[in-house]
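J.: Below is the file coords_30.txt, with compact mmCIF, C-alpha atoms.
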# COMPACT_ATOMS: atom_id res chain seq x y z
CA MET A 1 119.67 66.35 108.72
CA ARG A 2 120.74 67.84 105.38
CA GLN A 3 117.40 69.69 105.11
CA PHE A 4 117.88 71.09 108.62
CA ARG A 5 121.36 72.37 107.72
CA ASN A 6 120.04 73.97 104.53
CA THR A 7 117.24 75.64 106.48
CA LEU A 8 119.71 76.90 109.11
CA ALA A 9 122.07 78.22 106.45
CA THR A 10 119.21 80.01 104.73
CA ALA A 11 118.10 81.55 108.02
CA GLU A 12 121.65 82.73 108.78
CA TYR A 13 121.95 84.17 105.26
CA GLU A 14 118.65 86.04 105.58
CA GLU A 15 119.59 87.37 109.02
CA ASN A 16 122.94 88.64 107.73
CA LEU A 17 121.32 90.16 104.65
CA PHE A 18 118.65 91.90 106.72
CA SER A 19 121.21 93.39 109.15
CA ARG A 20 123.30 94.81 106.30
CA PHE A 21 120.67 95.67 103.70
CA PRO A 22 117.24 95.80 105.36
CA HIS A 23 115.35 97.28 102.37
CA GLU A 24 116.80 94.74 99.92
CA ALA A 25 116.24 91.86 102.36
CA ILE A 26 112.59 92.67 102.82
CA ALA A 27 112.16 92.90 99.04
CA LEU A 28 113.76 89.46 98.53
CA MET A 29 111.69 87.82 101.26
CA LEU A 30 108.48 89.26 99.89
CA ALA A 31 109.43 88.28 96.32
CA ALA A 32 109.85 84.69 97.48
CA ARG A 33 106.20 84.86 98.49
CA GLY A 34 105.12 86.38 95.21
CA ILE A 35 104.92 89.96 96.56
CA PHE A 36 106.99 92.61 94.86
CA MET A 37 108.07 95.98 96.26
CA SER A 38 108.83 99.15 94.38
CA ASN A 39 112.57 99.70 93.87
CA GLU A 40 112.16 103.32 94.91
CA ARG A 41 113.34 103.99 98.46
CA PRO A 42 111.02 106.00 100.69
CA LYS A 43 112.12 109.62 100.88
CA PRO A 44 112.73 111.34 104.21
CA VAL A 45 110.65 114.25 105.46
CA LEU A 46 112.55 117.55 105.38
CA ALA A 47 111.78 119.86 108.30
CA PHE A 48 113.14 123.37 107.79
CA ASP A 49 113.95 125.87 110.48
CA VAL A 50 112.47 129.24 109.50
CA TYR A 51 114.22 132.27 111.03
CA GLY A 52 117.76 132.47 109.70
CA THR A 53 117.35 129.45 107.40
CA LEU A 54 114.46 130.35 105.11
CA ILE A 55 113.64 133.87 106.28
CA ASP A 56 116.29 136.60 106.66
CA PRO A 57 116.05 138.30 110.09
CA PHE A 58 118.98 140.58 109.31
CA HIS A 59 116.89 142.34 106.68
CA MET A 60 115.65 144.38 109.66
CA GLU A 61 118.81 146.47 109.25
CA GLU A 62 117.00 148.34 106.48
CA HIS A 63 114.11 149.24 108.81
CA LEU A 64 116.38 150.15 111.72
CA ARG A 65 118.44 152.63 109.73
CA SER A 66 116.14 155.63 110.26
CA ALA A 67 116.44 155.35 114.04
CA PHE A 68 119.89 153.79 114.49
CA GLY A 69 121.74 155.33 111.54
CA GLU A 70 125.20 153.85 110.97
CA LYS A 71 124.60 151.49 113.90
CA ALA A 72 121.69 149.77 112.14
CA LYS A 73 123.66 146.65 111.18
CA GLU A 74 125.03 146.24 114.68
CA ALA A 75 121.56 146.82 116.13
CA SER A 76 120.07 144.20 113.81
CA GLU A 77 122.64 141.62 114.85
CA LEU A 78 122.18 142.38 118.55
CA TRP A 79 118.40 142.15 118.17
CA ARG A 80 118.68 138.68 116.67
CA SER A 81 121.20 137.56 119.29
CA LYS A 82 119.03 138.72 122.19
CA GLN A 83 115.90 137.23 120.63
CA ILE A 84 117.56 133.78 120.64
CA GLU A 85 119.04 134.29 124.10
CA TYR A 86 115.65 135.19 125.57
CA SER A 87 114.08 132.07 124.07
CA PHE A 88 116.86 129.96 125.64
CA ARG A 89 116.29 131.57 129.02
CA ARG A 90 112.54 131.09 128.93
CA ALA A 91 112.88 127.43 127.97
CA LEU A 92 115.28 126.80 130.85
CA MET A 93 113.20 128.77 133.35
CA LYS A 94 109.91 127.22 132.20
CA LYS A 95 108.54 130.75 131.82
CA TYR A 96 107.17 130.54 128.32
CA GLN A 97 106.00 133.48 126.30
CA THR A 98 105.71 133.43 122.54
CA PHE A 99 108.62 134.10 120.21
CA ASP A 100 106.88 137.34 119.28
CA ALA A 101 107.19 138.40 122.92
CA CYS A 102 110.90 137.48 122.94
CA THR A 103 111.35 139.55 119.78
CA ALA A 104 109.63 142.57 121.34
CA GLN A 105 111.66 142.35 124.57
CA ALA A 106 114.87 141.98 122.57
CA LEU A 107 114.02 145.17 120.67
CA CYS A 108 113.56 147.01 123.98
CA TYR A 109 117.00 145.81 125.04
CA VAL A 110 118.61 147.01 121.80
CA SER A 111 116.93 150.39 122.14
CA ALA A 112 118.26 150.79 125.69
CA GLN A 113 121.72 149.49 124.81
CA PHE A 114 122.17 152.04 122.02
CA GLY A 115 120.46 154.83 123.94
CA ILE A 116 117.84 155.23 121.21
CA SER A 117 114.37 156.15 122.42
CA LEU A 118 111.70 154.48 120.29
CA SER A 119 108.11 155.62 120.55
CA GLU A 120 105.41 153.01 120.99
CA GLU A 121 104.37 153.61 117.40
CA ALA A 122 107.95 153.11 116.17
CA GLN A 123 108.26 149.85 118.11
CA GLU A 124 104.96 148.54 116.74
CA ASN A 125 106.04 149.46 113.23
CA LEU A 126 109.33 147.58 113.57
CA LEU A 127 107.60 144.53 115.03
CA SER A 128 105.11 144.53 112.17
CA LYS A 129 108.04 144.58 109.71
CA TYR A 130 109.43 141.53 111.48
CA LEU A 131 106.29 139.67 110.43
CA GLN A 132 106.97 140.56 106.79
CA LEU A 133 110.62 139.60 106.49
CA PRO A 134 111.72 138.30 103.08
CA ALA A 135 113.05 134.85 102.28
CA TYR A 136 116.67 134.39 101.28
CA PRO A 137 117.11 134.50 97.48
CA ASP A 138 117.85 130.77 97.18
CA VAL A 139 114.75 129.54 99.05
CA ALA A 140 111.98 129.39 96.44
CA ALA A 141 113.95 127.52 93.76
CA ALA A 142 115.42 125.05 96.25
CA LEU A 143 112.03 124.20 97.77
CA ASP A 144 110.46 123.78 94.34
CA ALA A 145 113.27 121.42 93.33
CA LEU A 146 112.90 119.34 96.50
CA VAL A 147 109.14 119.06 96.08
CA SER A 148 109.59 118.01 92.43
CA GLN A 149 111.97 115.29 93.62
CA GLY A 150 109.22 113.90 95.83
CA PHE A 151 110.32 115.15 99.23
CA THR A 152 107.72 116.10 101.83
CA ILE A 153 108.48 119.56 103.20
CA ALA A 154 107.63 120.83 106.70
CA ALA A 155 108.57 123.82 108.84
CA CYS A 156 109.77 123.52 112.44
CA SER A 157 110.01 126.87 114.15
CA ASN A 158 110.23 128.74 117.45
CA GLY A 159 107.70 131.14 115.95
CA THR A 160 103.97 130.81 116.37
CA GLU A 161 102.13 129.01 113.59
CA ALA A 162 100.36 132.23 112.58
CA ALA A 163 103.65 134.15 112.33
CA VAL A 164 105.41 131.38 110.40
CA ARG A 165 102.49 130.81 108.06
CA GLY A 166 102.36 134.56 107.38
CA LEU A 167 106.10 134.75 106.64
CA LEU A 168 106.06 131.77 104.28
CA ASP A 169 102.96 133.10 102.54
CA HIS A 170 104.56 136.55 102.19
CA ALA A 171 107.62 134.84 100.66
CA GLY A 172 105.39 132.92 98.21
CA VAL A 173 106.53 129.46 99.36
CA LEU A 174 103.70 128.39 101.70
CA PRO A 175 102.20 125.91 99.16
CA ASP A 176 105.43 123.87 99.31
CA PHE A 177 104.82 123.02 102.98
CA SER A 178 102.70 120.09 104.07
CA LYS A 179 102.97 120.94 107.77
CA ILE A 180 103.85 123.86 110.05
CA VAL A 181 105.16 122.61 113.40
CA SER A 182 105.40 125.36 116.03
CA VAL A 183 106.84 125.14 119.54
CA ASP A 184 103.91 127.25 120.72
CA VAL A 185 101.84 124.07 121.16
CA ILE A 186 104.24 122.64 123.76
CA ARG A 187 105.31 126.02 125.22
CA THR A 188 109.07 125.69 125.07
CA PHE A 189 111.85 126.53 122.61
CA LYS A 190 114.62 124.85 120.65
CA PRO A 191 116.87 123.12 121.48
CA ASP A 192 114.67 121.56 124.19
CA PRO A 193 114.42 117.83 123.25
CA ALA A 194 110.64 118.14 123.62
CA VAL A 195 110.60 120.24 120.42
CA TYR A 196 112.15 117.49 118.28
CA GLU A 197 110.01 114.79 119.89
CA HIS A 198 106.98 116.93 119.05
CA LEU A 199 108.21 117.34 115.47
CA VAL A 200 108.56 113.59 114.94
CA ALA A 201 105.12 112.96 116.44
CA GLU A 202 103.49 115.63 114.27
CA LEU A 203 105.07 114.30 111.10
CA HIS A 204 104.02 110.69 111.83
CA ALA A 205 107.39 109.55 110.53
CA ARG A 206 110.18 107.33 111.76
CA ARG A 207 112.79 109.34 113.62
CA ASP A 208 115.56 108.32 111.23
CA MET A 209 113.42 109.45 108.29
CA VAL A 210 113.19 113.05 109.52
CA TRP A 211 115.81 115.64 108.55
CA LEU A 212 116.11 118.93 110.40
CA ILE A 213 117.63 121.58 108.13
CA SER A 214 118.85 124.73 109.86
CA SER A 215 121.44 127.49 109.72
CA ASN A 216 121.54 127.56 113.53
CA PRO A 217 124.13 125.16 115.02
CA PHE A 218 122.22 124.91 118.32
CA ASP A 219 119.20 123.68 116.36
CA VAL A 220 121.20 121.13 114.39
CA ILE A 221 122.85 119.84 117.57
CA GLY A 222 119.52 119.62 119.37
CA ALA A 223 117.94 117.60 116.57
CA LYS A 224 120.96 115.35 116.14
CA ALA A 225 121.01 114.61 119.87
CA CYS A 226 117.41 113.37 119.52
CA GLY A 227 118.26 110.98 116.72
CA LEU A 228 117.19 113.01 113.69
CA ARG A 229 119.26 113.44 110.54
CA THR A 230 120.52 116.98 110.09
CA ALA A 231 121.83 119.45 107.53
CA TRP A 232 123.61 122.65 108.53
CA VAL A 233 123.18 125.58 106.16
CA GLN A 234 126.45 127.48 106.51
CA ARG A 235 125.35 130.78 105.01
CA ASP A 236 128.37 132.61 106.44
CA LEU A 237 131.57 130.83 105.33
CA LYS A 238 133.47 132.44 108.22
CA ARG A 239 131.21 130.79 110.76
CA VAL A 240 132.36 127.50 112.30
CA PHE A 241 130.20 124.75 113.75
CA ASP A 242 130.17 124.28 117.50
CA PRO A 243 132.80 121.67 118.56
CA TRP A 244 130.33 119.29 120.20
CA GLU A 245 129.94 115.52 120.00
CA PHE A 246 127.07 115.96 117.53
CA ASP A 247 127.98 116.80 113.93
CA PRO A 248 125.58 117.49 111.05
CA ASP A 249 125.10 114.70 108.52
CA LEU A 250 125.40 117.23 105.73
CA ILE A 251 126.79 120.76 105.35
CA VAL A 252 125.67 123.06 102.54
CA HIS A 253 126.65 126.66 101.89
CA GLY A 254 123.22 127.59 100.59
CA LEU A 255 119.90 125.91 99.93
CA ALA A 256 120.68 125.65 96.21
CA GLU A 257 123.09 122.80 97.06
CA LEU A 258 120.50 120.83 98.99
CA PRO A 259 118.50 119.09 96.20
CA GLY A 260 121.63 117.63 94.62
CA LYS A 261 123.27 116.52 97.87
CA LEU A 262 120.15 115.01 99.43
CA SER A 263 119.63 112.79 96.40
CA SER A 264 122.54 110.62 97.58
CA PHE A 265 120.97 109.91 100.98
Let me see the file written as structure tokens.
T.:
Amino acid sequence: MRQFRNTLATAEYEENLFSRFPHEAIALMLAARGIFMSNERPKPVLAFDVYGTLIDPFHMEEHLRSAFGEKAKEASELWRSKQIEYSFRRALMKKYQTFDACTAQALCYVSAQFGISLSEEAQENLLSKYLQLPAYPDVAAALDALVSQGFTIAACSNGTEAAVRGLLDHAGVLPDFSKIVSVDVIRTFKPDPAVYEHLVAELHARRDMVWLISSNPFDVIGAKACGLRTAWVQRDLKRVFDPWEFDPDLIVHGLAELPGKLSSF
């Protein structure tokens, strides 16, 4: 009877330990069998949004200036806003065209809205510049630091794989990425839940071990709603996060903060 009670108490202890500290509990149970685990916790996979998080779409203001003059900044912001809006619409309508197509149609809208006639050559030139946008200044150092800390880095983007790969290569950071995950494969756009399900499947990782890092609140909310961990990059300090039931796990004001803050997770 005493042996039964001891066995029951041990089982209850192990169950309680496992529920509170699963990693430590597994290590103890294996050690009792002569098997020892590394003390190092597995690191999550970091999936970065591209446009607006790594790559600066508002740099197009410089290329719009010759045609739009003093309205170039406003035109750049409207172009980005319409680009995102068109991707939302297409996802909802199930009328997929690539993000490049959304970008081109958004440029046509901006041209009409400002009453600026762009020749076909001018449009093609602007769209080609969109494929050569620069990274934000903090990107390269932050990615290098994360890779040196042992994190696996991926990209998760509305853009086609070819466009994203070209942008990251142009920015000199492509070697940091182990995977490029594009929505083009499943023919929809963020924040469709199918995008985040596809991301998890492509990374072959547990859902709770995948972080989506984005400057776009709709992207963060979409990923969080699907059970991923999230970090919001608040590049504009005047911008507030959408008051939804899904909050980011981490907020940073630039990618330079990310390596230090992620080390505590």
J.: Would you kindly return, as a PyMOL selection string, each protein, DNA or RNA residue with an atom no farther than 12 Å from any atom of Ser76 (chain A), considering all atoms listed in the file and excluding same-chain residues fewer than 6 positions away?
T.: chain A and resi 56-65+67-70+82-83+103+106-107+109-111+114+126+130
J.: Smallest atom-to-atom distance to Asn216 (chain A): which of A:Val240, A:Ala141, A:Ala75, A:Val183, using all atoms listed in the file?
T.: A:Val240
J.: Could you state the separation of CA of Tyr96 (chain A) and CA of Glu77 (chain A) in Å, given to one decimal place?
T.: 23.3 Å
J.: Show me, as JSON lines, the residues of region 125-176 of chain A having an atom within 10 Å of region 193-211 of chain A, each with the closest atom pair and its distance in Å, using only C-alpha atoms.
T.:
{"residue": "A:Thr152", "atom": "CA", "partner": "A:Leu203", "partner_atom": "CA", "distance": 9.8}
{"residue": "A:Ile153", "atom": "CA", "partner": "A:Trp211", "partner_atom": "CA", "distance": 9.9}
{"residue": "A:Ala154", "atom": "CA", "partner": "A:Leu203", "partner_atom": "CA", "distance": 8.3}
{"residue": "A:Ala155", "atom": "CA", "partner": "A:Leu199", "partner_atom": "CA", "distance": 9.3}
{"residue": "A:Cys156", "atom": "CA", "partner": "A:Leu199", "partner_atom": "CA", "distance": 7.1}
{"residue": "A:Ser157", "atom": "CA", "partner": "A:Val195", "partner_atom": "CA", "distance": 9.1}
{"residue": "A:Asn158", "atom": "CA", "partner": "A:Val195", "partner_atom": "CA", "distance": 9.0}
J.: Please compute the CA of Gln132 (chain A)-CA of Thr98 (chain A) distance, one decimal, in Å.
T.: 17.3 Å
J.: May I ask which of the residues A:Glu124, A:Leu92, A:Ile221, A:Cys108 is the closest one to Trp79 (chain A), counting only C-alpha atoms?
T.: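 For Trp79 (chain A), the nearest of the given residues is A:Cys108.
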J.: Calculated over all atoms listed in the file, which of the candidates A:Gln234, A:Pro248, A:Asp144, A:Asp100 has the smallest distance to Leu212 (chain A)?
T.: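 Ranked by minimum distance to Leu212 (chain A), first place goes to A:Pro248.
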J.: Between CA of Gly227 (chain A) and CA of Ala142 (chain A), what is the spacing in Å?
T.: 25.0 Å
J.: Please determine, counting only C-alpha atoms, which residue among A:Lys190, A:Arg165, A:Lys73, A:His253 has the shortest atom-to-atom distance to Leu237 (chain A).
T.: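 Going through A:Lys190, A:Arg165, A:Lys73, A:His253 one by one, the smallest distance to Leu237 (chain A) is for A:His253.
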